[in-house]
$ cat structure_27.cif   # mmCIF, C-alpha atoms
data_protein
#
loop_
_atom_site.label_atom_id
_atom_site.label_comp_id
_atom_site.auth_asym_id
_atom_site.auth_seq_id
_atom_site.Cartn_x
_atom_site.Cartn_y
_atom_site.Cartn_z
CA MET A 271 0.00 0.00 0.00
CA ARG A 272 2.71 2.38 1.06
CA ALA A 273 4.96 1.28 -1.78
CA ALA A 274 2.18 1.80 -4.29
CA ARG A 275 1.57 5.32 -2.99
CA ARG A 276 5.28 6.05 -3.23
CA ALA A 277 5.38 4.78 -6.81
CA ALA A 278 2.43 6.99 -7.71
CA GLN A 279 4.22 9.95 -6.11
CA PHE A 280 7.37 9.40 -8.24
CA ALA A 281 5.29 8.84 -11.35
CA LYS A 282 4.22 12.48 -11.17
CA PHE A 283 7.82 13.58 -11.74
CA ARG A 284 8.62 11.19 -14.56
CA ILE A 285 9.73 13.06 -17.66
CA THR A 286 7.35 12.22 -20.43
CA GLU A 287 8.23 15.14 -22.76
CA LEU A 288 11.70 16.59 -23.35
CA ASN A 289 11.71 20.32 -24.06
CA LEU A 290 14.09 20.74 -27.00
CA VAL A 291 13.57 24.46 -27.53
CA PRO A 292 16.51 25.67 -25.36
CA LEU A 293 18.75 23.09 -27.03
CA VAL A 294 17.78 24.36 -30.48
CA ASP A 295 18.38 27.96 -29.37
CA THR A 296 21.82 27.15 -28.07
CA LEU A 297 22.76 25.22 -31.20
CA VAL A 298 21.62 28.12 -33.41
CA SER A 299 23.91 30.45 -31.46
CA ILE A 300 26.84 28.04 -31.66
CA VAL A 301 26.45 27.44 -35.40
CA PHE A 302 26.13 31.17 -36.08
CA PHE A 303 29.26 32.15 -34.15
CA ALA A 304 31.21 29.15 -35.43
CA LEU A 305 30.51 30.14 -39.04
CA THR A 306 31.24 33.81 -38.37
CA THR A 307 34.56 33.25 -36.64
CA ALA A 308 35.65 30.60 -39.15
CA THR A 309 35.36 32.95 -42.14
CA VAL A 310 35.73 36.47 -40.77
CA GLY A 311 38.04 35.70 -37.84
CA GLU A 312 40.94 34.65 -40.05
CA LEU A 313 40.68 37.61 -42.38
CA SER A 314 42.99 40.53 -41.92
CA PRO A 315 41.76 43.86 -40.53
CA VAL A 316 42.81 47.18 -42.08
CA VAL A 317 45.51 49.16 -40.28
CA PRO A 318 43.93 52.44 -39.08
CA GLY A 319 44.99 55.57 -40.94
CA VAL A 320 46.12 53.77 -44.10
CA ARG A 321 44.44 54.52 -47.46
CA LEU A 322 45.02 51.28 -49.31
CA PRO A 323 45.27 51.00 -53.11
CA GLU A 324 42.51 49.06 -54.84
CA ALA A 325 42.72 45.92 -56.96
CA HIS A 326 40.26 43.49 -58.53
CA VAL A 327 42.37 40.36 -58.22
CA GLY A 328 44.44 38.68 -55.51
CA ALA A 329 44.07 36.05 -52.85
CA ALA A 330 42.00 36.43 -49.67
CA ALA A 331 43.98 38.49 -47.17
CA LEU A 332 44.40 36.34 -44.08
CA GLN A 333 45.39 37.61 -40.67
CA GLN A 334 49.18 37.86 -40.49
CA LEU A 335 51.84 39.90 -38.79
CA THR A 336 51.15 43.22 -40.49
CA LEU A 337 53.46 46.09 -41.31
CA GLY A 338 51.31 49.21 -41.68
CA VAL A 339 52.65 52.26 -43.50
CA GLY A 340 50.36 55.26 -43.00
CA PRO A 341 51.31 58.42 -41.12
CA GLN A 342 53.05 56.00 -38.73
CA VAL A 343 54.92 52.80 -39.42
CA THR A 344 53.32 50.07 -37.28
CA LEU A 345 54.26 46.44 -36.78
CA GLY A 346 51.51 44.20 -35.45
CA GLY A 347 49.51 47.32 -34.51
CA ARG A 348 52.39 48.77 -32.45
CA PRO A 349 53.78 52.13 -33.65
CA ILE A 350 57.48 51.97 -34.49
CA MET A 351 58.26 55.39 -35.94
CA SER A 352 56.77 58.08 -38.15
CA THR A 353 56.80 57.37 -41.87
CA LEU A 354 58.72 60.58 -42.50
CA ASP A 355 61.43 59.47 -40.07
CA ALA A 356 61.52 56.04 -41.74
CA ALA A 357 62.02 57.62 -45.18
CA ARG A 358 64.81 59.84 -43.84
CA ALA A 359 66.51 57.25 -41.62
CA PRO A 360 70.03 56.53 -42.91
CA SER A 361 71.28 52.96 -42.96
CA ASN A 362 73.91 52.04 -40.38
CA ASP A 363 75.23 49.21 -42.56
CA ALA A 364 77.41 50.22 -45.51
CA THR A 365 76.63 46.98 -47.35
CA GLN A 366 72.86 47.44 -46.94
CA PRO A 367 72.01 51.01 -47.96
CA LEU A 368 68.26 50.34 -47.89
CA LEU A 369 68.15 49.27 -44.23
CA ILE A 370 65.92 51.23 -41.81
CA PRO A 371 67.64 50.56 -38.43
CA PRO A 372 64.74 51.20 -35.95
CA LEU A 373 62.35 49.13 -38.07
CA TYR A 374 64.98 46.41 -38.42
CA ALA A 375 65.36 46.25 -34.62
CA ALA A 376 61.59 45.88 -34.12
CA MET A 377 61.36 43.26 -36.87
CA ARG A 378 64.26 41.28 -35.42
CA VAL A 379 62.46 41.13 -32.05
CA ALA A 380 59.27 39.92 -33.77
CA ALA A 381 61.17 37.44 -35.94
CA ASP A 382 63.12 36.06 -32.96
CA SER A 383 59.94 35.52 -30.96
CA ILE A 384 58.37 33.70 -33.93
CA ARG A 385 61.52 31.58 -34.31
CA GLN A 386 61.37 30.71 -30.62
CA ALA A 387 57.67 29.77 -30.84
CA ASN A 388 58.15 27.72 -34.02
CA LYS A 389 61.46 26.20 -32.85
CA VAL A 390 63.40 27.62 -35.80
CA ALA A 391 67.17 28.02 -35.44
CA ALA A 392 68.51 31.55 -34.97
CA GLY A 393 69.33 33.29 -38.23
CA GLN A 394 67.18 30.98 -40.33
CA PRO A 395 64.63 32.67 -42.64
CA LEU A 396 61.01 32.42 -41.56
CA ASP A 397 58.17 30.87 -43.53
CA VAL A 398 55.67 32.94 -41.56
CA PRO A 399 54.45 35.63 -43.97
CA LEU A 400 54.61 39.34 -43.30
CA ALA A 401 51.76 41.42 -44.72
CA ILE A 402 52.39 45.00 -45.83
CA GLN A 403 49.51 47.47 -45.82
CA GLY A 404 50.88 50.64 -47.37
CA ASP A 405 49.25 53.96 -48.14
CA LYS A 406 48.49 54.38 -51.84
CA SER A 407 50.53 57.59 -52.00
CA MET A 408 53.70 55.93 -50.69
CA ARG A 409 56.70 56.13 -53.03
CA TYR A 410 58.34 52.94 -54.17
CA ASP A 411 61.74 53.79 -52.71
CA LEU A 412 60.21 53.64 -49.22
CA LEU A 413 58.43 50.36 -49.98
CA ALA A 414 61.70 48.91 -51.31
CA ARG A 415 63.47 49.90 -48.07
CA MET A 416 60.69 48.30 -45.99
CA MET A 417 60.86 45.08 -48.03
CA GLN A 418 64.64 44.89 -47.82
CA THR A 419 64.56 45.54 -44.07
CA ALA A 420 61.97 42.78 -43.62
CA ARG A 421 64.04 40.40 -45.73
CA LEU A 422 67.16 41.09 -43.67
CA ALA A 423 65.18 40.52 -40.46
CA GLY A 424 64.31 37.04 -41.74
CA PHE A 425 60.90 37.44 -43.37
CA ARG A 426 61.23 35.92 -46.82
CA ASN A 427 57.48 35.66 -47.56
CA LEU A 428 55.93 39.07 -48.00
CA SER A 429 52.45 39.96 -49.20
CA LEU A 430 51.00 43.29 -50.23
CA GLN A 431 47.47 43.70 -48.86
CA VAL A 432 45.18 46.07 -50.75
CA SER A 433 41.47 46.88 -50.89
CA LYS A 434 39.39 44.60 -53.03
CA GLN A 435 37.36 46.34 -55.70
CA GLU A 436 34.25 44.69 -57.08
CA GLY A 437 33.62 44.35 -60.82
CA SER A 438 36.09 43.78 -63.63
CA VAL A 439 39.19 45.83 -64.41
CA ASP A 440 37.84 46.74 -67.84
CA SER A 441 34.52 48.09 -66.51
CA THR A 442 36.34 50.22 -63.95
CA ALA A 443 38.81 51.47 -66.55
CA ALA A 444 35.95 52.38 -68.87
CA ALA A 445 34.17 54.24 -66.08
CA THR A 446 37.35 56.10 -65.20
CA GLY A 447 37.94 57.00 -68.83
CA ALA A 448 34.37 58.28 -69.21
CA ARG A 449 34.74 60.71 -66.30
CA MET B 15 -0.03 29.41 0.43
CA ALA B 16 -1.35 27.93 -2.80
CA SER B 17 -4.13 25.38 -2.53
CA LEU B 18 -3.73 21.79 -3.63
CA PHE B 19 -5.87 22.61 -6.69
CA HIS B 20 -3.60 25.45 -7.77
CA ARG B 21 -0.44 23.48 -7.22
CA SER B 22 -1.67 20.53 -9.25
CA LYS B 23 -2.83 22.92 -12.02
CA GLN B 24 0.60 24.50 -12.10
CA ARG B 25 2.28 21.10 -12.29
CA ARG B 26 0.00 20.08 -15.14
CA ALA B 27 0.88 23.24 -16.99
CA GLU B 28 4.61 22.62 -16.47
CA ARG B 29 4.28 19.10 -17.73
CA ALA B 30 2.19 20.07 -20.75
CA PRO B 31 3.93 19.10 -24.02
CA VAL B 32 5.78 21.92 -25.82
CA THR B 33 3.64 21.32 -28.84
CA ALA B 34 0.38 21.67 -26.90
CA ASN B 35 -2.42 23.05 -29.05
CA GLY B 36 -0.14 22.68 -32.09
CA ASN B 37 2.14 25.60 -31.08
CA ILE B 38 5.88 25.84 -30.44
CA ASN B 39 7.05 28.45 -28.01
CA LEU B 40 9.24 30.70 -30.18
CA VAL B 41 9.94 33.31 -27.53
CA PRO B 42 13.32 31.87 -26.41
CA LEU B 43 14.42 31.56 -30.04
CA VAL B 44 13.52 35.18 -30.73
CA ASP B 45 15.38 36.23 -27.58
CA THR B 46 18.50 34.39 -28.69
CA LEU B 47 18.37 35.76 -32.23
CA THR B 48 17.91 39.27 -30.89
CA SER B 49 21.04 38.85 -28.78
CA ILE B 50 22.99 37.54 -31.79
CA VAL B 51 21.91 40.44 -34.02
CA PHE B 52 22.70 42.99 -31.30
CA PHE B 53 26.23 41.73 -30.63
CA SER B 54 26.90 41.16 -34.33
CA LEU B 55 26.05 44.76 -35.15
CA LEU B 56 28.12 45.92 -32.21
CA THR B 57 31.28 44.05 -33.19
CA TYR B 58 30.97 43.65 -36.97
CA GLN B 59 34.14 44.31 -38.95
CA GLY B 60 33.57 41.70 -41.60
CA GLU B 61 32.96 44.13 -44.44
CA THR B 62 36.29 45.88 -44.03
CA MET B 63 38.04 42.52 -43.64
CA MET B 64 36.34 40.95 -46.62
CA ALA B 65 37.32 44.02 -48.63
CA LEU B 66 41.01 43.10 -48.53
CA THR B 67 42.95 41.14 -51.09
CA SER B 68 46.64 40.30 -51.17
CA PHE B 69 49.51 39.95 -53.61
CA ASP B 70 51.88 37.42 -52.08
CA LEU B 71 55.55 38.13 -52.56
CA SER B 72 58.00 35.30 -53.07
CA LEU B 73 61.70 35.06 -53.73
CA PRO B 74 62.80 35.96 -57.24
CA PRO B 75 63.85 33.15 -59.63
CA VAL B 76 67.46 32.02 -59.46
CA VAL B 77 69.78 32.55 -62.42
CA VAL B 78 71.94 29.44 -62.82
CA THR B 79 75.50 30.42 -63.76
CA THR B 80 77.71 27.54 -62.63
CA PRO B 81 77.57 23.74 -63.07
CA GLN B 82 77.54 23.38 -59.24
CA GLN B 83 74.38 25.49 -59.04
CA ALA B 84 72.85 23.58 -61.93
CA SER B 85 73.37 20.30 -60.06
CA GLN B 86 71.44 21.75 -57.08
CA VAL B 87 68.39 22.46 -59.20
CA LYS B 88 65.79 19.92 -58.14
CA SER B 89 63.02 20.49 -60.63
CA GLU B 90 62.42 22.18 -63.94
CA LYS B 91 60.31 24.88 -62.38
CA ASP B 92 63.36 26.13 -60.44
CA VAL B 93 65.11 26.97 -63.70
CA LEU B 94 64.75 30.47 -65.06
CA ASN B 95 63.97 29.90 -68.72
CA LEU B 96 63.05 33.42 -69.74
CA LEU B 97 64.22 36.68 -68.21
CA LEU B 98 61.14 38.89 -68.38
CA ALA B 99 61.02 42.34 -66.82
CA VAL B 100 58.64 45.28 -66.70
CA ARG B 101 60.18 48.66 -65.85
CA VAL B 102 57.69 51.13 -64.44
CA SER B 103 58.20 54.89 -64.45
CA ASN B 104 55.66 57.67 -64.05
CA ASN B 105 55.24 58.14 -67.80
CA GLU B 106 56.24 54.83 -69.37
CA LEU B 107 56.12 51.06 -69.06
CA ASP B 108 59.00 49.09 -70.60
CA VAL B 109 58.62 45.39 -71.27
CA GLU B 110 61.82 43.45 -71.92
CA HIS B 111 62.62 39.78 -72.25
CA SER B 112 65.55 37.59 -73.26
CA GLY B 113 63.70 35.36 -75.74
CA ASN B 114 64.56 35.26 -79.46
CA GLY B 115 67.71 37.29 -79.00
CA GLY B 116 66.01 39.97 -76.94
CA PHE B 117 62.75 41.91 -77.00
CA ARG B 118 61.86 45.41 -75.84
CA GLN B 119 58.69 47.42 -76.14
CA ALA B 120 57.79 50.73 -74.51
CA ILE B 121 54.22 51.68 -73.63
CA LYS B 122 53.64 55.39 -73.08
CA GLY B 123 51.74 56.46 -69.98
CA LEU B 124 50.56 54.77 -66.82
CA ASP B 125 46.83 55.30 -67.24
CA ALA B 126 44.07 52.75 -67.90
CA PRO B 127 44.65 52.43 -71.70
CA ALA B 128 48.40 51.93 -71.14
CA LEU B 129 47.70 49.29 -68.47
CA GLY B 130 45.29 47.57 -70.86
CA GLU B 131 47.99 47.57 -73.54
CA LEU B 132 50.43 46.11 -71.00
CA GLN B 133 47.99 43.33 -70.13
CA THR B 134 47.49 42.47 -73.80
CA LEU B 135 51.24 42.40 -74.50
CA MET B 136 51.98 40.32 -71.40
CA THR B 137 49.20 37.86 -72.31
CA GLN B 138 50.81 37.44 -75.74
CA ILE B 139 54.23 36.81 -74.19
CA ARG B 140 52.64 34.35 -71.76
CA ALA B 141 51.12 32.46 -74.70
CA GLN B 142 54.43 32.55 -76.57
CA TYR B 143 56.41 31.19 -73.60
CA PRO B 144 53.86 29.06 -71.68
CA GLN B 145 56.53 27.49 -69.44
CA ASN B 146 57.39 30.90 -67.96
CA LYS B 147 55.18 32.25 -65.18
CA ASP B 148 57.71 34.63 -63.64
CA VAL B 149 58.14 38.32 -64.25
CA LEU B 150 60.31 40.92 -62.56
CA VAL B 151 58.78 44.35 -61.97
CA ILE B 152 61.27 47.19 -61.51
CA PRO B 153 59.55 50.45 -60.56
CA SER B 154 61.38 53.77 -60.41
CA ASP B 155 61.84 55.24 -56.95
CA ASP B 156 59.26 57.98 -57.43
CA VAL B 157 56.41 55.73 -58.66
CA ALA B 158 53.41 55.70 -56.30
CA TYR B 159 52.47 52.43 -54.61
CA ASP B 160 48.98 52.72 -56.11
CA ASN B 161 50.41 52.57 -59.63
CA ILE B 162 52.61 49.59 -58.76
CA ILE B 163 49.55 47.69 -57.52
CA HIS B 164 47.75 48.44 -60.80
CA VAL B 165 50.69 47.00 -62.75
CA LEU B 166 50.80 43.89 -60.51
CA GLU B 167 47.05 43.46 -61.00
CA ARG B 168 47.41 43.49 -64.81
CA LEU B 169 50.27 40.99 -64.65
CA ARG B 170 48.15 38.72 -62.49
CA LEU B 171 45.33 39.00 -65.02
CA ALA B 172 47.77 38.14 -67.79
CA GLY B 173 48.45 34.82 -66.05
CA TYR B 174 51.73 35.43 -64.22
CA THR B 175 51.94 33.90 -60.75
CA GLY B 176 55.59 34.52 -59.85
CA ILE B 177 55.82 38.29 -59.87
CA SER B 178 58.93 39.77 -58.26
CA LEU B 179 59.52 43.35 -57.24
CA GLY B 180 63.05 44.60 -57.85
CA THR B 181 64.83 47.84 -57.20
CA ARG B 182 67.92 49.48 -58.63
CA ALA B 183 71.21 49.01 -56.77
CA ARG B 184 72.19 51.89 -54.50
CA GLY B 185 75.91 51.63 -53.91
CA GLY B 186 75.46 48.20 -52.33
CA PRO B 187 74.13 44.82 -53.36
CA ALA B 188 70.96 44.97 -55.43
CA SER B 189 67.86 44.04 -53.53
CA SER B 190 64.78 42.36 -54.74
CA GLY B 191 61.60 40.90 -53.39
CA PRO B 192 58.85 39.35 -55.41
CA ALA B 193 55.06 39.53 -55.71
CA ARG B 194 52.70 36.79 -56.62
#
$ encode --input "structure_27.cif" --output "structure tokens"
Amino acid sequence: MRAARRAAQFAKFRITELNLVPLVDTLVSIVFFALTTATVGELSPVVPGVRLPEAHVGAAALQQLTLGVGPQVTLGGRPIMSTLDAARAPSNDATQPLLIPPLYAAMRVAADSIRQANKVAAGQPLDVPLAIQGDKSMRYDLLARMMQTARLAGFRNLSLQVSKQEGSVDSTAAATGAR
Amino acid sequence: MASLFHRSKQRRAERAPVTANGNINLVPLVDTLTSIVFFSLLTYQGETMMALTSFDLSLPPVVVTTPQQASQVKSEKDVLNLLLAVRVSNNELDVEHSGNGGFRQAIKGLDAPALGELQTLMTQIRAQYPQNKDVLVIPSDDVAYDNIIHVLERLRLAGYTGISLGTRARGGPASSGPAR
């Protein structure tokens, strides 16, 4: 009698329906953020203050150690020196007239920390790419100095990141010519 | 204190199936989606990120000059079979290559028609020497970065994947870095 009453008492709390709505809500959130971070999270952001050139072609710009050349020269978002100072900085190595010493010092620190993390021997060139986001008005002699400095610091893979323009080159050229 | 009737009614309501009366409670879903939209709008940078494209730079091709170097060449693609260069100045594009005893053609200007002419010429050279995918771009010091990118873009469209950027020697060893 007592046992039967007890069984009836427990029967009240038996789960007969499972509410799946919170589970669905949570999964929707997870899927949304997983997709967002998988595609957008690996793409490279634009360095503030840099007016990038535009191009129709090129590979997707993934997030990399970025050298920004706007009013300031930045490496990985950290200001190194003003661009004017970088253009005027004389090399301290007679055999490397293009070298920019303060930028070289900052790049060496970055390269050494990457070597340490990737267990690469000191002095060995790095496979980790360095992205350059330069202002469209920058002269080539400054870009050449930046590239040479990066190469001497150990970065042998460089990429130039620019703004992607929609449409074809010909349609843009025709529109420009019509103006 | 709630009566036995009210408590049992409440329990019945709690245990009612989620699909009672043919309805699904969408309120939690709407709440979650509202949160997602809010935080997405707050933190969205995707458009500026998606708007970037890159020209990857690689090392320039190696010119083999000694038998020792030739023995180190592992595959045919490491061999430089055509020396092809595009010199860029503010008023002219010069295309030069070493095929057929040497070739040189100047294209006046750096505007859209000149770039179109460059693309056409480079496409022809690419068709003439299909094994060569490398080209060396040598801009003058005073050429704007914007113009260099336009030249690289046309070379990419012409089918070149190994595009190197070179610079003139300045009292020391010549430097070069490539673009792909």
$ axis_aligned_box --input "structure_27.cif" --around "segment 366-380 of chain A" --padding-each-side "4 Å" --output "AutoDock Vina command-line options"
--center_x 66.1 --center_y 45.6 --center_z -40.0 --size_x 21.6 --size_y 19.3 --size_z 23.9
$ residues_around --input "structure_27.cif" --residues "Arg415 of chain A" --least-positions-apart "4" --cutoff "7 Å" --atoms "only C-alpha atoms" --output "list in words"
Leu368, Leu369, Ile370, Asp411 and Thr419 of chain A
$ atom_distance --input "structure_27.cif" --atom1 "atom CA of Ala364 of chain A" --atom2 "atom CA of Leu412 of chain A"
17.9 Å
$ closest_residue --input "structure_27.cif" --among "A:Asp405, A:Ser352, A:Ala359, A:Gly437" --to "chain B" --atoms "only C-alpha atoms"
A:Asp405
$ resolve_selection --input "structure_27.cif" --expression "the PyMOL selection byres ((chain A) within 7 of (chain B))" --output "PyMOL selection string"
chain A and resi 287+289+295+310+313-316+323+325+327-331+365-367+406-411+414+417-418+426-434+443
$ write_last_selection --input "structure_27.cif" --atoms "C-alpha atoms" --output "tab-separated table (two decimals), in the coordinates of the input"
chain	number	residue	atom	x	y	z
A	287	GLU	CA	8.23	15.14	-22.76
A	289	ASN	CA	11.71	20.32	-24.06
A	295	ASP	CA	18.38	27.96	-29.37
A	310	VAL	CA	35.73	36.47	-40.77
A	313	LEU	CA	40.68	37.61	-42.38
A	314	SER	CA	42.99	40.53	-41.92
A	315	PRO	CA	41.76	43.86	-40.53
A	316	VAL	CA	42.81	47.18	-42.08
A	323	PRO	CA	45.27	51.00	-53.11
A	325	ALA	CA	42.72	45.92	-56.96
A	327	VAL	CA	42.37	40.36	-58.22
A	328	GLY	CA	44.44	38.68	-55.51
A	329	ALA	CA	44.07	36.05	-52.85
A	330	ALA	CA	42.00	36.43	-49.67
A	331	ALA	CA	43.98	38.49	-47.17
A	365	THR	CA	76.63	46.98	-47.35
A	366	GLN	CA	72.86	47.44	-46.94
A	367	PRO	CA	72.01	51.01	-47.96
A	406	LYS	CA	48.49	54.38	-51.84
A	407	SER	CA	50.53	57.59	-52.00
A	408	MET	CA	53.70	55.93	-50.69
A	409	ARG	CA	56.70	56.13	-53.03
A	410	TYR	CA	58.34	52.94	-54.17
A	411	ASP	CA	61.74	53.79	-52.71
A	414	ALA	CA	61.70	48.91	-51.31
A	417	MET	CA	60.86	45.08	-48.03
A	418	GLN	CA	64.64	44.89	-47.82
A	426	ARG	CA	61.23	35.92	-46.82
A	427	ASN	CA	57.48	35.66	-47.56
A	428	LEU	CA	55.93	39.07	-48.00
A	429	SER	CA	52.45	39.96	-49.20
A	430	LEU	CA	51.00	43.29	-50.23
A	431	GLN	CA	47.47	43.70	-48.86
A	432	VAL	CA	45.18	46.07	-50.75
A	433	SER	CA	41.47	46.88	-50.89
A	434	LYS	CA	39.39	44.60	-53.03
A	443	ALA	CA	38.81	51.47	-66.55
$ resolve_selection --input "structure_27.cif" --expression "the PyMOL selection byres ((chain B and resi 110-120) around 7)" --output "ChimeraX atom specification"
/B:96-100,106-109,121-122
$ write_last_selection --input "structure_27.cif" --atoms "C-alpha atoms" --output "PDB file, in the frame of the given file"
ATOM      1  CA  LEU B  96      63.050  33.420 -69.740  1.00  0.00           C
ATOM      2  CA  LEU B  97      64.220  36.680 -68.210  1.00  0.00           C
ATOM      3  CA  LEU B  98      61.140  38.890 -68.380  1.00  0.00           C
ATOM      4  CA  ALA B  99      61.020  42.340 -66.820  1.00  0.00           C
ATOM      5  CA  VAL B 100      58.640  45.280 -66.700  1.00  0.00           C
ATOM      6  CA  GLU B 106      56.240  54.830 -69.370  1.00  0.00           C
ATOM      7  CA  LEU B 107      56.120  51.060 -69.060  1.00  0.00           C
ATOM      8  CA  ASP B 108      59.000  49.090 -70.600  1.00  0.00           C
ATOM      9  CA  VAL B 109      58.620  45.390 -71.270  1.00  0.00           C
ATOM     10  CA  ILE B 121      54.220  51.680 -73.630  1.00  0.00           C
ATOM     11  CA  LYS B 122      53.640  55.390 -73.080  1.00  0.00           C
TER      12      LYS B 122
END
$ resolve_selection --input "structure_27.cif" --expression "the PyMOL selection byres ((chain A and resi 393-399) around 7)" --output "ChimeraX atom specification"
/A:334,390-392,400-401,424-428
$ closest_residue --input "structure_27.cif" --among "B:Leu169, B:Ser178, B:Ser22, B:Val102" --to "Gln138 of chain B" --atoms "all atoms listed in the file"
B:Leu169
$ atom_distance --input "structure_27.cif" --atom1 "atom CA of Gly123 of chain B" --atom2 "atom CA of Leu413 of chain A"
22.0 Å
$ build_atoms --input "structure_27.cif" --residues "segment 332-351 of chain A" --atoms "N, CA and C atoms" --output "short mmCIF file (atom, residue, chain, number, x, y, z; two decimals), in the frame of the given file"
data_model
loop_
_atom_site.label_atom_id
_atom_site.label_comp_id
_atom_site.auth_asym_id
_atom_site.auth_seq_id
_atom_site.Cartn_x
_atom_site.Cartn_y
_atom_site.Cartn_z
N LEU A 332 44.57 36.96 -45.39
CA LEU A 332 44.40 36.34 -44.08
C LEU A 332 45.19 37.11 -43.02
N GLN A 333 44.77 36.88 -41.76
CA GLN A 333 45.39 37.61 -40.67
C GLN A 333 46.84 37.17 -40.51
N GLN A 334 47.75 38.14 -40.59
CA GLN A 334 49.18 37.86 -40.49
C GLN A 334 49.81 38.97 -39.68
N LEU A 335 51.09 38.79 -39.37
CA LEU A 335 51.84 39.90 -38.79
C LEU A 335 51.85 41.00 -39.84
N THR A 336 51.36 42.18 -39.48
CA THR A 336 51.15 43.22 -40.49
C THR A 336 52.04 44.43 -40.25
N LEU A 337 52.70 44.86 -41.33
CA LEU A 337 53.46 46.09 -41.31
C LEU A 337 52.58 47.17 -41.95
N GLY A 338 52.17 48.14 -41.16
CA GLY A 338 51.31 49.21 -41.68
C GLY A 338 52.14 50.44 -41.98
N VAL A 339 51.92 51.04 -43.14
CA VAL A 339 52.65 52.26 -43.50
C VAL A 339 51.63 53.34 -43.83
N GLY A 340 51.24 54.10 -42.82
CA GLY A 340 50.36 55.26 -43.00
C GLY A 340 51.13 56.48 -42.53
N PRO A 341 50.53 57.34 -41.72
CA PRO A 341 51.31 58.42 -41.12
C PRO A 341 52.38 57.85 -40.19
N GLN A 342 52.09 56.70 -39.60
CA GLN A 342 53.05 56.00 -38.73
C GLN A 342 53.40 54.65 -39.34
N VAL A 343 54.58 54.18 -39.05
CA VAL A 343 54.92 52.80 -39.42
C VAL A 343 54.59 51.93 -38.21
N THR A 344 53.72 50.94 -38.40
CA THR A 344 53.32 50.07 -37.28
C THR A 344 53.67 48.63 -37.62
N LEU A 345 54.00 47.88 -36.60
CA LEU A 345 54.26 46.44 -36.78
C LEU A 345 53.37 45.70 -35.79
N GLY A 346 52.45 44.91 -36.32
CA GLY A 346 51.51 44.20 -35.45
C GLY A 346 50.66 45.15 -34.63
N GLY A 347 50.35 46.33 -35.19
CA GLY A 347 49.51 47.32 -34.51
C GLY A 347 50.28 48.23 -33.57
N ARG A 348 51.58 47.97 -33.38
CA ARG A 348 52.39 48.77 -32.45
C ARG A 348 53.18 49.81 -33.24
N PRO A 349 53.04 51.11 -32.91
CA PRO A 349 53.78 52.13 -33.65
C PRO A 349 55.29 51.98 -33.46
N ILE A 350 56.02 52.09 -34.55
CA ILE A 350 57.48 51.97 -34.49
C ILE A 350 58.13 53.35 -34.63
N MET A 351 57.70 54.07 -35.65
CA MET A 351 58.26 55.39 -35.94
C MET A 351 57.35 56.09 -36.94
#
